[in-house]
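Novice: Following this line is run-v7.cif, made up of mmCIF, C-alpha atoms:
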data_model
loop_
_atom_site.label_atom_id
_atom_site.label_comp_id
_atom_site.auth_asym_id
_atom_site.auth_seq_id
_atom_site.Cartn_x
_atom_site.Cartn_y
_atom_site.Cartn_z
CA MET L 1 -35.87 16.90 -51.35
CA HIS L 2 -39.05 17.54 -53.31
CA ARG L 3 -40.83 20.78 -52.38
CA THR L 4 -44.56 21.10 -52.87
CA ALA L 5 -46.72 24.23 -52.95
CA ALA L 6 -47.97 23.46 -49.43
CA PRO L 7 -45.81 22.02 -46.63
CA SER L 8 -46.00 18.24 -46.46
CA LEU L 9 -45.09 15.50 -44.01
CA GLY L 10 -44.49 11.85 -44.87
CA LEU L 11 -44.69 8.99 -42.36
CA VAL L 12 -43.04 5.59 -42.91
CA PRO L 13 -44.21 3.13 -40.22
CA THR L 14 -41.89 0.12 -39.78
CA MET L 15 -41.02 -2.61 -37.30
CA GLY L 16 -37.31 -2.27 -38.00
CA ALA L 17 -34.95 -4.92 -39.43
CA LEU L 18 -34.94 -2.67 -42.48
CA HIS L 19 -33.96 -3.78 -45.98
CA ASP L 20 -34.04 -2.33 -49.49
CA GLY L 21 -37.83 -2.57 -49.56
CA HIS L 22 -37.98 -0.18 -46.61
CA ARG L 23 -35.36 1.98 -48.30
CA ARG L 24 -37.72 2.28 -51.28
CA LEU L 25 -40.52 3.38 -48.93
CA ALA L 26 -38.29 5.98 -47.33
CA GLU L 27 -37.03 7.29 -50.66
CA ALA L 28 -40.59 7.59 -51.99
CA ALA L 29 -41.55 9.58 -48.90
CA VAL L 30 -38.49 11.82 -49.17
CA ALA L 31 -39.19 12.49 -52.84
CA GLY L 32 -42.76 13.56 -52.14
CA ASN L 33 -42.57 15.51 -48.88
CA ASP L 34 -40.79 18.35 -47.11
CA VAL L 35 -40.30 16.43 -43.86
CA VAL L 36 -40.22 12.64 -43.40
CA VAL L 37 -40.61 10.70 -40.16
CA ALA L 38 -39.92 6.94 -40.02
CA SER L 39 -41.01 4.94 -37.01
CA ILE L 40 -39.31 1.79 -35.71
CA PHE L 41 -41.39 -0.19 -33.26
CA VAL L 42 -41.84 -3.95 -32.89
CA ASN L 43 -45.52 -4.02 -32.05
CA PRO L 44 -46.40 -6.89 -29.69
CA LEU L 45 -50.12 -6.61 -30.54
CA GLN L 46 -49.38 -8.02 -34.01
CA PHE L 47 -47.85 -11.25 -32.70
CA GLY L 48 -49.93 -14.21 -31.63
CA ASP L 49 -46.86 -16.26 -30.73
CA PRO L 50 -44.55 -14.91 -28.00
CA VAL L 51 -41.64 -16.87 -29.49
CA ASP L 52 -42.16 -15.17 -32.86
CA LEU L 53 -42.16 -11.77 -31.13
CA GLU L 54 -38.98 -12.58 -29.21
CA ARG L 55 -37.06 -13.72 -32.28
CA TYR L 56 -38.12 -10.83 -34.53
CA PRO L 57 -34.82 -9.19 -35.56
CA ARG L 58 -33.96 -5.90 -33.90
CA THR L 59 -31.22 -3.90 -35.65
CA LEU L 60 -31.79 -0.34 -34.51
CA GLU L 61 -28.34 1.08 -35.27
CA ALA L 62 -28.32 -0.29 -38.83
CA ASP L 63 -31.93 0.80 -39.31
CA VAL L 64 -31.18 4.39 -38.36
CA ALA L 65 -28.17 4.42 -40.70
CA LEU L 66 -30.32 3.19 -43.60
CA LEU L 67 -32.96 5.82 -42.93
CA GLU L 68 -30.34 8.55 -42.74
CA GLU L 69 -28.86 7.43 -46.08
CA ALA L 70 -32.33 7.55 -47.62
CA GLY L 71 -32.79 11.15 -46.49
CA VAL L 72 -35.28 10.64 -43.66
CA ASP L 73 -35.37 13.60 -41.29
CA ILE L 74 -36.58 11.95 -38.07
CA ALA L 75 -36.29 8.36 -36.85
CA PHE L 76 -38.86 7.72 -34.14
CA ALA L 77 -38.02 4.58 -32.14
CA PRO L 78 -40.27 4.55 -29.05
CA GLY L 79 -40.05 2.00 -26.29
CA LEU L 80 -42.93 -0.25 -25.27
CA GLU L 81 -43.89 1.98 -22.32
CA GLU L 82 -43.93 5.05 -24.54
CA MET L 83 -46.32 3.43 -27.04
CA TYR L 84 -48.48 1.60 -24.52
CA PRO L 85 -48.23 3.41 -21.15
CA GLY L 86 -49.36 1.15 -18.35
CA GLY L 87 -49.51 -1.98 -20.49
CA GLU L 88 -51.47 -3.17 -23.51
CA PRO L 89 -54.35 -0.85 -24.45
CA LEU L 90 -57.81 -1.81 -23.24
CA VAL L 91 -59.42 -0.03 -26.20
CA ARG L 92 -58.25 -1.11 -29.64
CA VAL L 93 -59.11 -0.56 -33.29
CA THR L 94 -60.83 -3.58 -34.81
CA ALA L 95 -59.96 -4.36 -38.42
CA GLY L 96 -63.41 -5.81 -39.15
CA PRO L 97 -64.47 -8.18 -41.95
CA LEU L 98 -61.46 -7.40 -44.16
CA ALA L 99 -59.32 -9.10 -41.50
CA SER L 100 -61.35 -12.30 -41.32
CA LYS L 101 -59.72 -13.94 -44.33
CA TRP L 102 -56.28 -14.81 -45.72
CA GLU L 103 -53.62 -13.57 -43.27
CA GLY L 104 -56.30 -12.69 -40.74
CA ALA L 105 -57.64 -16.25 -40.74
CA SER L 106 -54.16 -17.67 -40.20
CA ARG L 107 -53.12 -15.03 -37.65
CA PRO L 108 -56.18 -14.11 -35.53
CA GLY L 109 -55.95 -10.64 -34.02
CA HIS L 110 -52.96 -9.66 -36.15
CA PHE L 111 -54.70 -6.89 -38.08
CA ASP L 112 -56.41 -5.51 -34.97
CA GLY L 113 -52.88 -5.03 -33.63
CA VAL L 114 -51.79 -3.41 -36.90
CA CYS L 115 -54.73 -0.98 -36.91
CA THR L 116 -54.26 -0.06 -33.27
CA VAL L 117 -50.58 0.79 -33.56
CA VAL L 118 -50.96 2.50 -36.95
CA ALA L 119 -53.78 4.66 -35.58
CA LYS L 120 -51.52 5.70 -32.70
CA LEU L 121 -48.63 6.45 -35.06
CA PHE L 122 -50.91 8.53 -37.30
CA HIS L 123 -51.83 10.63 -34.28
CA LEU L 124 -48.29 10.90 -32.93
CA ALA L 125 -46.83 12.05 -36.27
CA MET L 126 -49.75 14.27 -37.32
CA PRO L 127 -48.63 17.82 -38.16
CA GLY L 128 -49.70 20.21 -35.40
CA PRO L 129 -51.02 23.77 -35.64
CA ALA L 130 -47.48 25.14 -35.74
CA ALA L 131 -46.98 23.39 -39.09
CA GLY L 132 -49.88 25.25 -40.65
CA GLY L 133 -53.39 24.07 -41.36
CA SER L 134 -52.66 23.32 -45.02
CA THR L 135 -49.94 20.76 -44.31
CA ALA L 136 -50.28 17.66 -46.49
CA TYR L 137 -49.93 14.39 -44.58
CA ARG L 138 -49.05 11.06 -46.23
CA ALA L 139 -48.15 7.59 -44.96
CA TYR L 140 -46.22 5.01 -46.98
CA PHE L 141 -46.83 1.25 -46.89
CA GLY L 142 -45.26 -1.60 -48.85
CA GLN L 143 -47.54 -3.39 -51.30
CA LYS L 144 -46.04 -6.74 -50.27
CA ASP L 145 -48.47 -6.71 -47.35
CA ALA L 146 -51.41 -6.16 -49.71
CA GLN L 147 -54.06 -7.06 -47.14
CA GLN L 148 -52.52 -4.67 -44.64
CA VAL L 149 -52.58 -1.87 -47.22
CA ALA L 150 -56.25 -2.53 -48.02
CA ILE L 151 -57.19 -2.58 -44.32
CA VAL L 152 -55.28 0.60 -43.48
CA GLN L 153 -56.83 2.38 -46.46
CA ARG L 154 -60.27 1.33 -45.27
CA MET L 155 -59.52 2.39 -41.69
CA VAL L 156 -58.48 5.84 -42.89
CA ARG L 157 -61.63 6.13 -44.97
CA ASP L 158 -64.03 4.82 -42.33
CA LEU L 159 -62.54 6.72 -39.37
CA ASP L 160 -61.75 9.96 -41.24
CA PHE L 161 -58.02 10.11 -40.60
CA PRO L 162 -56.58 13.17 -42.39
CA VAL L 163 -53.81 11.17 -44.05
CA GLU L 164 -53.25 9.92 -47.58
CA ILE L 165 -52.10 6.30 -47.85
CA VAL L 166 -49.41 5.78 -50.50
CA PRO L 167 -48.76 2.13 -51.46
CA VAL L 168 -45.23 1.44 -52.74
CA PRO L 169 -44.59 -1.51 -55.11
CA ILE L 170 -42.86 -4.69 -53.93
CA VAL L 171 -39.08 -4.78 -54.06
CA ARG L 172 -37.63 -8.13 -55.10
CA ALA L 173 -34.18 -9.69 -54.99
CA GLU L 174 -32.56 -10.54 -58.31
CA ASP L 175 -33.86 -14.10 -58.04
CA GLY L 176 -37.45 -12.85 -57.67
CA LEU L 177 -37.96 -13.39 -53.93
CA ALA L 178 -39.93 -10.54 -52.33
CA LEU L 179 -37.78 -8.78 -49.75
CA SER L 180 -38.78 -9.41 -46.15
CA SER L 181 -37.16 -8.94 -42.75
CA ARG L 182 -37.85 -12.63 -42.13
CA ASN L 183 -35.85 -13.83 -45.16
CA GLN L 184 -32.72 -13.90 -43.01
CA PHE L 185 -34.14 -16.95 -41.23
CA LEU L 186 -34.23 -18.96 -44.49
CA SER L 187 -31.47 -21.48 -45.10
CA GLU L 188 -29.94 -21.59 -48.57
CA GLN L 189 -32.14 -24.59 -49.36
CA ASP L 190 -35.24 -22.87 -47.98
CA ARG L 191 -34.57 -19.76 -50.02
CA GLU L 192 -34.26 -21.79 -53.20
CA ALA L 193 -37.55 -23.53 -52.43
CA ALA L 194 -39.25 -20.20 -51.69
CA LEU L 195 -38.70 -19.02 -55.25
CA VAL L 196 -41.63 -21.22 -56.31
CA LEU L 197 -43.95 -18.54 -54.91
CA SER L 198 -42.83 -15.83 -57.32
CA ARG L 199 -42.78 -18.36 -60.18
CA ALA L 200 -46.42 -19.25 -59.46
CA LEU L 201 -47.37 -15.57 -59.37
CA ARG L 202 -45.59 -14.89 -62.66
CA LEU L 203 -47.45 -17.83 -64.22
CA VAL L 204 -50.86 -16.26 -63.64
CA GLU L 205 -49.52 -12.78 -64.40
CA SER L 206 -48.38 -13.87 -67.87
CA ARG L 207 -51.82 -15.37 -68.54
CA ALA L 208 -53.53 -12.19 -67.35
CA ARG L 209 -51.42 -10.02 -69.63
CA ALA L 210 -52.27 -12.29 -72.55
CA ARG L 211 -56.01 -12.21 -71.68
CA GLU L 212 -56.03 -15.97 -71.22
CA PRO L 213 -57.94 -17.94 -68.55
CA LEU L 214 -55.80 -17.75 -65.41
CA ASN L 215 -56.35 -21.32 -64.22
CA PRO L 216 -54.88 -20.60 -60.76
CA ASP L 217 -55.11 -24.31 -59.94
CA ASP L 218 -51.97 -24.69 -62.06
CA ALA L 219 -50.14 -22.25 -59.78
CA VAL L 220 -51.37 -24.16 -56.73
CA ALA L 221 -50.11 -27.42 -58.20
CA LEU L 222 -46.73 -25.84 -58.95
CA ILE L 223 -46.30 -24.71 -55.34
CA ARG L 224 -47.45 -28.01 -53.89
CA SER L 225 -44.94 -29.85 -56.05
CA GLN L 226 -42.06 -28.00 -54.35
CA PRO L 227 -40.57 -29.93 -51.39
CA GLY L 228 -40.18 -27.87 -48.23
CA VAL L 229 -43.06 -25.51 -49.03
CA GLU L 230 -46.40 -25.84 -47.23
CA LEU L 231 -49.04 -23.78 -49.04
CA ASP L 232 -51.59 -21.88 -46.97
CA TYR L 233 -53.44 -20.15 -49.79
CA PHE L 234 -53.12 -19.01 -53.38
CA GLU L 235 -56.03 -16.98 -54.69
CA VAL L 236 -56.98 -14.35 -57.24
CA VAL L 237 -58.94 -11.56 -55.54
CA ASP L 238 -60.43 -8.13 -56.05
CA PRO L 239 -57.70 -5.62 -55.03
CA GLY L 240 -60.10 -3.50 -52.95
CA THR L 241 -62.35 -6.03 -51.23
CA LEU L 242 -59.94 -9.01 -51.23
CA GLU L 243 -62.88 -11.21 -52.24
CA PRO L 244 -62.09 -14.07 -54.67
CA LEU L 245 -62.99 -13.29 -58.26
CA ALA L 246 -66.14 -15.08 -59.35
CA VAL L 247 -65.23 -14.77 -63.03
CA ASN L 248 -62.21 -14.38 -65.28
CA CYS L 249 -60.22 -17.12 -63.57
CA ARG L 250 -60.72 -20.50 -65.13
CA GLU L 251 -62.84 -20.94 -68.24
CA THR L 252 -63.09 -17.35 -69.51
CA PRO L 253 -60.35 -15.05 -70.85
CA PHE L 254 -59.12 -12.65 -68.17
CA THR L 255 -60.04 -8.96 -68.49
CA GLY L 256 -59.67 -6.01 -66.17
CA GLU L 257 -57.55 -6.02 -63.02
CA ALA L 258 -57.07 -8.33 -60.05
CA LEU L 259 -54.52 -9.34 -57.43
CA ALA L 260 -52.93 -12.76 -57.00
CA ILE L 261 -52.03 -13.44 -53.36
CA VAL L 262 -50.09 -16.29 -51.80
CA ALA L 263 -48.88 -17.41 -48.37
CA ALA L 264 -46.82 -20.44 -47.45
CA GLN L 265 -44.61 -21.85 -44.74
CA VAL L 266 -41.05 -22.32 -45.98
CA GLY L 267 -38.84 -23.95 -43.37
CA PRO L 268 -39.22 -21.86 -40.19
CA VAL L 269 -40.65 -18.82 -41.99
CA ARG L 270 -44.13 -17.83 -43.11
CA LEU L 271 -43.84 -15.93 -46.40
CA ILE L 272 -46.42 -13.82 -48.20
CA ASP L 273 -46.31 -12.39 -51.70
CA ASN L 274 -48.64 -10.99 -54.33
CA MET L 275 -48.78 -9.80 -57.90
CA PRO L 276 -51.07 -7.23 -59.56
CA LEU L 277 -52.81 -8.71 -62.60
CA ARG L 278 -53.75 -6.57 -65.61
CA ALA L 279 -54.98 -7.55 -69.04
CA LEU L 280 -53.11 -5.82 -71.86
#
Once you've parsed the file, please lay out its structure as structure tokens.
Specialist:
Amino acid sequence: MHRTAAPSLGLVPTMGALHDGHRRLAEAAVAGNDVVVASIFVNPLQFGDPVDLERYPRTLEADVALLEEAGVDIAFAPGLEEMYPGGEPLVRVTAGPLASKWEGASRPGHFDGVCTVVAKLFHLAMPGPAAGGSTAYRAYFGQKDAQQVAIVQRMVRDLDFPVEIVPVPIVRAEDGLALSSRNQFLSEQDREAALVLSRALRLVESRARAREPLNPDDAVALIRSQPGVELDYFEVVDPGTLEPLAVNCRETPFTGEALAIVAAQVGPVRLIDNMPLRAL
């Protein structure tokens, strides 16, 4: 375990059904903090569809074993009544304009649910006076949910939470598919079709690295040519504001940094992915 000059606490919020992407989050937290807490809670406020909430995989015993292997000190797995005493909260945190686009447009209310539960978890895990006033406090989030990371970072900034948000890069399977708890619902044929998403992202990434026009319409065409994949969006955006880039996409050589984001329905599963873009 990494020891810093001042005591430090790391928080890894999860909804369970953990995989190697979550393991990477936990290991990053363990490497950077004296004590690490990982939460496991399937948050109903994030689900617009009751069927989707019901079928979300719950694998608590395996999750705890993974966290223990990764070196996590405390697994916090509250029940619904413990997180929301007396029912759903009447007062919630609103994600604001950052949640009005992309995933927020396709899943209304989703990010309000994320912000509300994350705010509660930040408070519940916050180091108390007994830990010392100088305790460093960090929370770790996977970059696969890039919009979530941007919204949580903004919430922390706007509402003055005393916690540092640490994004952790996407973990991919050998075939390039971004790891997700929902991947287990993909058939073999669906999984093969889903690989078009990472291929499309790599297409624009290679052009960005070469300082070429990105021409994201080519990536869109590639995805739409794949049977079994229904594209929701593919866009190149500013990493902080999530606004589409007005320049550096089509006619002009790419410079600077951006983020390519994509979402699509593949069989029964909605998949999201993204790729940081940097000109070399």
Novice: Point out the residue among L:Glu235, L:Asp145, L:Asp160, L:Asp217 with the least atom-to-atom distance to Ser180 of chain L, counting all atoms listed in the file.
Specialist: L:Asp145
Novice: Mind telling me what the PyMOL selection byres ((chain L and resi 254-256) around 7) catches here, as a list of chain:residue names?
Specialist: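 When the PyMOL selection byres ((chain L and resi 254-256) around 7) is applied to the shown file, the picked residues are L:Ala208, L:Arg211, L:Glu212, L:Pro213, L:Leu214, L:Asn248, L:Cys249, L:Thr252, L:Pro253, L:Glu257, L:Arg278, L:Ala279.
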Novice: Can you spit out the residues from that selection as a short mmCIF file (atom, residue, chain, number, x, y, z; two decimals), keeping the file's coordinate frame, using C-alpha atoms?
Specialist:
data_model
loop_
_atom_site.label_atom_id
_atom_site.label_comp_id
_atom_site.auth_asym_id
_atom_site.auth_seq_id
_atom_site.Cartn_x
_atom_site.Cartn_y
_atom_site.Cartn_z
CA ALA L 208 -53.53 -12.19 -67.35
CA ARG L 211 -56.01 -12.21 -71.68
CA GLU L 212 -56.03 -15.97 -71.22
CA PRO L 213 -57.94 -17.94 -68.55
CA LEU L 214 -55.80 -17.75 -65.41
CA ASN L 248 -62.21 -14.38 -65.28
CA CYS L 249 -60.22 -17.12 -63.57
CA THR L 252 -63.09 -17.35 -69.51
CA PRO L 253 -60.35 -15.05 -70.85
CA GLU L 257 -57.55 -6.02 -63.02
CA ARG L 278 -53.75 -6.57 -65.61
CA ALA L 279 -54.98 -7.55 -69.04
#
Novice: Selected by the PyMOL selection byres ((chain L and resi 15-31) around 6) in the shown coordinates: which residues, as a PyMOL selection string?
Specialist: chain L and resi 1-2+10+14+32-33+40-42+57-59+63+70+171+181
Novice: Per residue of segment 76-174 of chain L within 9 Å of segment 265-274 of chain L, what are the shortest atom pair and its distance in Å to one decimal, counting only C-alpha atoms, with rows by chain and residue number, as a tab-separated table?
Specialist:
residue	atom	partner	partner_atom	distance
L:Glu103	CA	L:Ile272	CA	8.7
L:Gln143	CA	L:Asn274	CA	8.3
L:Lys144	CA	L:Asp273	CA	5.8
L:Asp145	CA	L:Ile272	CA	7.4
L:Ala146	CA	L:Asn274	CA	7.2
L:Ile170	CA	L:Asn274	CA	8.6
Novice: Measuring atom to atom with all atoms listed in the file, identify which of L:Val163, L:Leu9, L:Gln148, L:Val168 is nearest to Trp102 of chain L.
Specialist: L:Gln148
